[in-house]
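Have a look at the structure below, then the notes.
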Amino acid sequence: VGVMKKYNSDICMIPILETRTEEVVFSPSDEEVEFSPDECLANIFFDHLNFVQPCNKLYKKYLFEKIKYPEGRIYEDEYIVAEMMVQIKKLVLSKKACMFYRTSFESVTRSKFSKKKLQEYDAMENLGHTIKSLGREDLFQINLSRLLNYCIWAYIKIGQTDWPDKSELQNNFKKRLLNVVRQKTTWSFKDIKRYFTFKISPKLYEIFNYQKFR
């Protein structure tokens with residue numbers, strides 16, 4: 001709270017360190033860094049854990065007067081983060097403290113692959129729509145790369161299941177992939193490699209990325 005008052009910021013954030021054990025090491029620092037709304041938008045993609053997670057932040061109350069979390073969804077943080085970042089005047093990162101985020105294989109987002117996890121695509125797509133409406137075509141293209149990778153990942157993971165409707169779900173993600181490709185105007189070498197390897201043979205893509213799809 002003191003840092004928020006000092007900088008007259010709308011959000012104060014501390015770093016997150018992910019851990020699976022009780023043994024964690026953190027070197028505190030007196031450094032305090034200010035971020036503008038544009039810088040916050042960019043860091044949604046370049047520092048996703050810190051800027052999207054809500055648990056490491058203090059917010060001014062007014063931010064939630066109009067912005068609401070969607071009900072009945074997982075990955076709900078991604079639905080509101082861009083809209084929130086353009087409402088603020090300033091965010092401050094304080095490195096005097098740190099949050100240790102203990103991850104668990106039993107959590108909804110990190111546990112065994114399930115249909116519920118496919119909601120992540122909707123959250124990512126919604127983020128893209130918000131970013132585009134704000135005129136950030138550069139970040140919209142970055143988000144399309146995330147969606148391209150997700151469509152391929154989901155197609156292969158669905159294929160490894162025994163779900164009776166897996167063919168229908170795979171076709172759905174193929175259609176989504178084509179929609180993403182139509183919108184892309186900026187292609188990195190990784191994007192090209194991923195897309196055309198998958199287009200030639202999904203099985204070949206899976207073999208080359210064996211560790212990812214185990």
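Following the order of the structure tokens, first chain is A, next is B, and so on, with residues numbered from 1 inside each chain and ligands from 1 in the order they appear.
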
| query | Counting only C-alpha atoms, what is within 12 Å of Lys115 (chain A), bar same-chain residues fewer than 6 positions away, as a count of residues only? | reply | 15

Near region 179-185 of chain A, 10 Å: region 126-154 of chain A residue rows, closest pairs, only C-alpha atoms, as JSON lines:
```
{"residue": "A:Glu137", "atom": "CA", "partner": "A:Thr185", "partner_atom": "CA", "distance": 9.8}
{"residue": "A:Asp138", "atom": "CA", "partner": "A:Thr185", "partner_atom": "CA", "distance": 9.9}
{"residue": "A:Phe140", "atom": "CA", "partner": "A:Lys184", "partner_atom": "CA", "distance": 9.1}
{"residue": "A:Gln141", "atom": "CA", "partner": "A:Lys184", "partner_atom": "CA", "distance": 6.4}
{"residue": "A:Ile142", "atom": "CA", "partner": "A:Lys184", "partner_atom": "CA", "distance": 9.3}
{"residue": "A:Asn143", "atom": "CA", "partner": "A:Val180", "partner_atom": "CA", "distance": 9.8}
{"residue": "A:Leu144", "atom": "CA", "partner": "A:Val180", "partner_atom": "CA", "distance": 6.2}
{"residue": "A:Ser145", "atom": "CA", "partner": "A:Lys184", "partner_atom": "CA", "distance": 8.1}
{"residue": "A:Arg146", "atom": "CA", "partner": "A:Val180", "partner_atom": "CA", "distance": 9.8}
{"residue": "A:Leu147", "atom": "CA", "partner": "A:Val180", "partner_atom": "CA", "distance": 7.0}
{"residue": "A:Leu148", "atom": "CA", "partner": "A:Val180", "partner_atom": "CA", "distance": 6.3}
{"residue": "A:Cys151", "atom": "CA", "partner": "A:Val180", "partner_atom": "CA", "distance": 9.1}
```

Resulting file, chosen residues, N, CA and C atoms, as a PDB file, in the first residue's frame:
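Written out: result.pdb:
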```pdb
ATOM      1  N   GLU A 137      -1.994  -3.851 -33.236  1.00  0.00           N
ATOM      2  CA  GLU A 137      -1.862  -4.920 -34.234  1.00  0.00           C
ATOM      3  C   GLU A 137      -0.609  -5.749 -33.986  1.00  0.00           C
ATOM      4  N   ASP A 138       0.456  -5.117 -33.499  1.00  0.00           N
ATOM      5  CA  ASP A 138       1.693  -5.854 -33.221  1.00  0.00           C
ATOM      6  C   ASP A 138       1.470  -6.946 -32.179  1.00  0.00           C
ATOM      7  N   PHE A 140      -1.502  -8.143 -31.362  1.00  0.00           N
ATOM      8  CA  PHE A 140      -2.503  -9.055 -31.916  1.00  0.00           C
ATOM      9  C   PHE A 140      -1.826 -10.161 -32.715  1.00  0.00           C
ATOM     10  N   GLN A 141      -0.796  -9.823 -33.471  1.00  0.00           N
ATOM     11  CA  GLN A 141      -0.064 -10.820 -34.256  1.00  0.00           C
ATOM     12  C   GLN A 141       0.693 -11.791 -33.350  1.00  0.00           C
ATOM     13  N   ILE A 142       1.230 -11.278 -32.241  1.00  0.00           N
ATOM     14  CA  ILE A 142       1.895 -12.159 -31.268  1.00  0.00           C
ATOM     15  C   ILE A 142       0.891 -13.148 -30.687  1.00  0.00           C
ATOM     16  N   ASN A 143      -0.308 -12.656 -30.394  1.00  0.00           N
ATOM     17  CA  ASN A 143      -1.338 -13.534 -29.840  1.00  0.00           C
ATOM     18  C   ASN A 143      -1.775 -14.581 -30.867  1.00  0.00           C
ATOM     19  N   LEU A 144      -1.809 -14.215 -32.142  1.00  0.00           N
ATOM     20  CA  LEU A 144      -2.141 -15.194 -33.191  1.00  0.00           C
ATOM     21  C   LEU A 144      -1.110 -16.321 -33.225  1.00  0.00           C
ATOM     22  N   SER A 145       0.148 -15.998 -32.972  1.00  0.00           N
ATOM     23  CA  SER A 145       1.177 -17.045 -32.913  1.00  0.00           C
ATOM     24  C   SER A 145       0.900 -18.000 -31.760  1.00  0.00           C
ATOM     25  N   ARG A 146       0.446 -17.455 -30.630  1.00  0.00           N
ATOM     26  CA  ARG A 146       0.072 -18.304 -29.495  1.00  0.00           C
ATOM     27  C   ARG A 146      -1.102 -19.207 -29.866  1.00  0.00           C
ATOM     28  N   LEU A 147      -2.087 -18.640 -30.562  1.00  0.00           N
ATOM     29  CA  LEU A 147      -3.260 -19.418 -30.962  1.00  0.00           C
ATOM     30  C   LEU A 147      -2.893 -20.503 -31.975  1.00  0.00           C
ATOM     31  N   LEU A 148      -1.993 -20.174 -32.889  1.00  0.00           N
ATOM     32  CA  LEU A 148      -1.538 -21.168 -33.874  1.00  0.00           C
ATOM     33  C   LEU A 148      -0.915 -22.366 -33.163  1.00  0.00           C
ATOM     34  N   CYS A 151      -3.643 -24.414 -31.265  1.00  0.00           N
ATOM     35  CA  CYS A 151      -4.494 -25.253 -32.121  1.00  0.00           C
ATOM     36  C   CYS A 151      -3.796 -26.565 -32.459  1.00  0.00           C
TER      37      CYS A 151
END
```

| A:Ser94, A:Thr130, A:Ser167, A:Ser188: which is nearest Leu41 (chain A), counting only C-alpha atoms? |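 Of A:Ser94, A:Thr130, A:Ser167, A:Ser188, the one nearest Leu41 (chain A), counting only C-alpha atoms, is A:Thr130.
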
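Nearest-residue note for His48 (chain A): choosing from A:Leu204, A:Val33, A:Ile16, A:Ile67, the minimum distance belongs to A:Ile16, counting only C-alpha atoms.
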
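Interatomic distance, CA of Met85 (chain A) against CA of Asp38 (chain A): 8.0 Å.
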
| Looking at A:Met13, A:Cys40, A:Asp77, A:Lys175, which one is nearest to Tyr59 (chain A), with distances taken over only C-alpha atoms? | A:Met13

| task | Would you please work out which residue, of A:Ala82, A:Ile156, A:Ile88, A:Ile11, is nearest to Lys132 (chain A) when using only C-alpha atoms? | result |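 That would be A:Ala82, the residue with the smallest distance to Lys132 (chain A).
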
| request: Choose the residue, out of A:Val81, A:Leu17, A:Leu91, A:Leu63, that has the smallest atom-to-atom separation from Ile131 (chain A); count only C-alpha atoms. | output: A:Val81

| said: When you count only C-alpha atoms, which of these residues is closest to Lys190 (chain A): A:Asn149, A:Ser36, A:Gln53, A:Gln160? | reply: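 Selected residue with least distance to Lys190 (chain A): A:Asn149.
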
| message | Residues of region 2-209 of chain A classed as helix (DSSP H, G or I) by DSSP on the backbone are to be reported as JSON, numbers by chain. | response | {"A": [2, 3, 4, 5, 6, 7, 37, 38, 39, 40, 41, 42, 43, 44, 45, 46, 48, 49, 50, 51, 52, 61, 62, 63, 64, 77, 78, 79, 80, 81, 82, 83, 84, 85, 115, 116, 117, 118, 119, 120, 121, 122, 123, 124, 125, 126, 127, 128, 129, 130, 131, 132, 133, 137, 138, 139, 140, 141, 142, 143, 144, 145, 146, 147, 148, 149, 150, 151, 152, 153, 154, 155, 156, 157, 158, 159, 166, 167, 168, 169, 170, 171, 172, 173, 174, 175, 176, 177, 178, 179, 180, 181, 182, 183, 189, 190, 191, 192, 193, 194, 195, 196, 197, 198, 199, 200, 202, 203, 204, 205, 206, 207, 208]}

| task | List every residue of region 2-183 of chain A that DSSP, applied to the backbone of this structure, assigns to strand (DSSP E or B), and report them as an MDAnalysis selection string. | result | chainID A and resid 11:13 16:19 32:35 57:59 91:94 99:102

May I have the selected residues written with N, CA, C and O atoms, as an mmCIF file, in the first residue's frame?
```cif
data_model
loop_
_atom_site.group_PDB
_atom_site.id
_atom_site.type_symbol
_atom_site.label_atom_id
_atom_site.label_comp_id
_atom_site.auth_asym_id
_atom_site.auth_seq_id
_atom_site.Cartn_x
_atom_site.Cartn_y
_atom_site.Cartn_z
ATOM 1 N N ILE A 11 -2.104 -0.054 -9.623
ATOM 2 C CA ILE A 11 -1.797 -1.446 -9.285
ATOM 3 C C ILE A 11 -0.366 -1.508 -8.770
ATOM 4 O O ILE A 11 0.533 -0.878 -9.325
ATOM 5 N N CYS A 12 -0.163 -2.266 -7.701
ATOM 6 C CA CYS A 12 1.185 -2.569 -7.218
ATOM 7 C C CYS A 12 1.390 -4.075 -7.339
ATOM 8 O O CYS A 12 0.513 -4.856 -6.959
ATOM 9 N N MET A 13 2.531 -4.448 -7.873
ATOM 10 C CA MET A 13 2.785 -5.852 -8.167
ATOM 11 C C MET A 13 4.114 -6.275 -7.542
ATOM 12 O O MET A 13 5.053 -5.492 -7.471
ATOM 13 N N ILE A 16 6.542 -13.078 -8.925
ATOM 14 C CA ILE A 16 6.119 -14.437 -8.583
ATOM 15 C C ILE A 16 7.259 -15.390 -8.898
ATOM 16 O O ILE A 16 7.863 -15.323 -9.968
ATOM 17 N N LEU A 17 7.540 -16.259 -7.962
ATOM 18 C CA LEU A 17 8.471 -17.356 -8.220
ATOM 19 C C LEU A 17 7.699 -18.666 -8.106
ATOM 20 O O LEU A 17 7.133 -18.972 -7.060
ATOM 21 N N GLU A 18 7.651 -19.425 -9.195
ATOM 22 C CA GLU A 18 6.973 -20.720 -9.158
ATOM 23 C C GLU A 18 7.870 -21.751 -8.489
ATOM 24 O O GLU A 18 9.078 -21.775 -8.699
ATOM 25 N N THR A 19 7.264 -22.607 -7.683
ATOM 26 C CA THR A 19 8.023 -23.652 -7.012
ATOM 27 C C THR A 19 7.138 -24.878 -6.807
ATOM 28 O O THR A 19 5.922 -24.765 -6.687
ATOM 29 N N GLU A 32 12.193 -0.495 -7.537
ATOM 30 C CA GLU A 32 10.771 -0.274 -7.837
ATOM 31 C C GLU A 32 10.682 0.248 -9.266
ATOM 32 O O GLU A 32 11.350 1.228 -9.608
ATOM 33 N N VAL A 33 9.873 -0.411 -10.082
ATOM 34 C CA VAL A 33 9.824 -0.095 -11.510
ATOM 35 C C VAL A 33 8.413 0.324 -11.890
ATOM 36 O O VAL A 33 7.437 -0.359 -11.564
ATOM 37 N N GLU A 34 8.299 1.448 -12.600
ATOM 38 C CA GLU A 34 7.000 1.939 -13.062
ATOM 39 C C GLU A 34 6.731 1.457 -14.488
ATOM 40 O O GLU A 34 7.633 1.423 -15.317
ATOM 41 N N PHE A 35 5.473 1.106 -14.755
ATOM 42 C CA PHE A 35 5.061 0.659 -16.093
ATOM 43 C C PHE A 35 3.853 1.476 -16.549
ATOM 44 O O PHE A 35 2.895 1.670 -15.796
ATOM 45 N N LYS A 57 -0.866 -8.988 -6.841
ATOM 46 C CA LYS A 57 -1.146 -7.567 -7.044
ATOM 47 C C LYS A 57 -2.115 -7.003 -5.997
ATOM 48 O O LYS A 57 -2.982 -7.714 -5.488
ATOM 49 N N LEU A 58 -1.948 -5.711 -5.751
ATOM 50 C CA LEU A 58 -2.954 -4.913 -5.048
ATOM 51 C C LEU A 58 -3.564 -3.974 -6.087
ATOM 52 O O LEU A 58 -2.846 -3.351 -6.870
ATOM 53 N N TYR A 59 -4.898 -3.874 -6.078
ATOM 54 C CA TYR A 59 -5.611 -3.059 -7.063
ATOM 55 C C TYR A 59 -6.386 -1.944 -6.379
ATOM 56 O O TYR A 59 -6.885 -2.124 -5.270
ATOM 57 N N LEU A 91 1.327 1.211 -13.282
ATOM 58 C CA LEU A 91 1.533 0.016 -12.449
ATOM 59 C C LEU A 91 2.955 0.090 -11.922
ATOM 60 O O LEU A 91 3.875 0.483 -12.644
ATOM 61 N N VAL A 92 3.146 -0.292 -10.659
ATOM 62 C CA VAL A 92 4.483 -0.301 -10.063
ATOM 63 C C VAL A 92 4.837 -1.714 -9.613
ATOM 64 O O VAL A 92 4.033 -2.380 -8.955
ATOM 65 N N LEU A 93 6.023 -2.152 -10.008
ATOM 66 C CA LEU A 93 6.570 -3.428 -9.560
ATOM 67 C C LEU A 93 7.538 -3.156 -8.423
ATOM 68 O O LEU A 93 8.496 -2.402 -8.569
ATOM 69 N N SER A 94 7.268 -3.760 -7.268
ATOM 70 C CA SER A 94 8.161 -3.642 -6.118
ATOM 71 C C SER A 94 8.860 -4.976 -5.894
ATOM 72 O O SER A 94 8.212 -6.012 -5.757
ATOM 73 N N MET A 99 6.217 -13.327 -4.111
ATOM 74 C CA MET A 99 5.217 -14.353 -3.845
ATOM 75 C C MET A 99 5.736 -15.688 -4.367
ATOM 76 O O MET A 99 6.127 -15.803 -5.532
ATOM 77 N N PHE A 100 5.737 -16.685 -3.506
ATOM 78 C CA PHE A 100 6.113 -18.030 -3.931
ATOM 79 C C PHE A 100 4.839 -18.761 -4.324
ATOM 80 O O PHE A 100 3.971 -19.007 -3.505
ATOM 81 N N TYR A 101 4.753 -19.063 -5.591
ATOM 82 C CA TYR A 101 3.543 -19.661 -6.156
ATOM 83 C C TYR A 101 3.767 -21.158 -6.269
ATOM 84 O O TYR A 101 4.495 -21.627 -7.138
ATOM 85 N N ARG A 102 3.167 -21.886 -5.347
ATOM 86 C CA ARG A 102 3.390 -23.339 -5.325
ATOM 87 C C ARG A 102 2.479 -24.018 -6.331
ATOM 88 O O ARG A 102 1.259 -23.982 -6.204
#
```
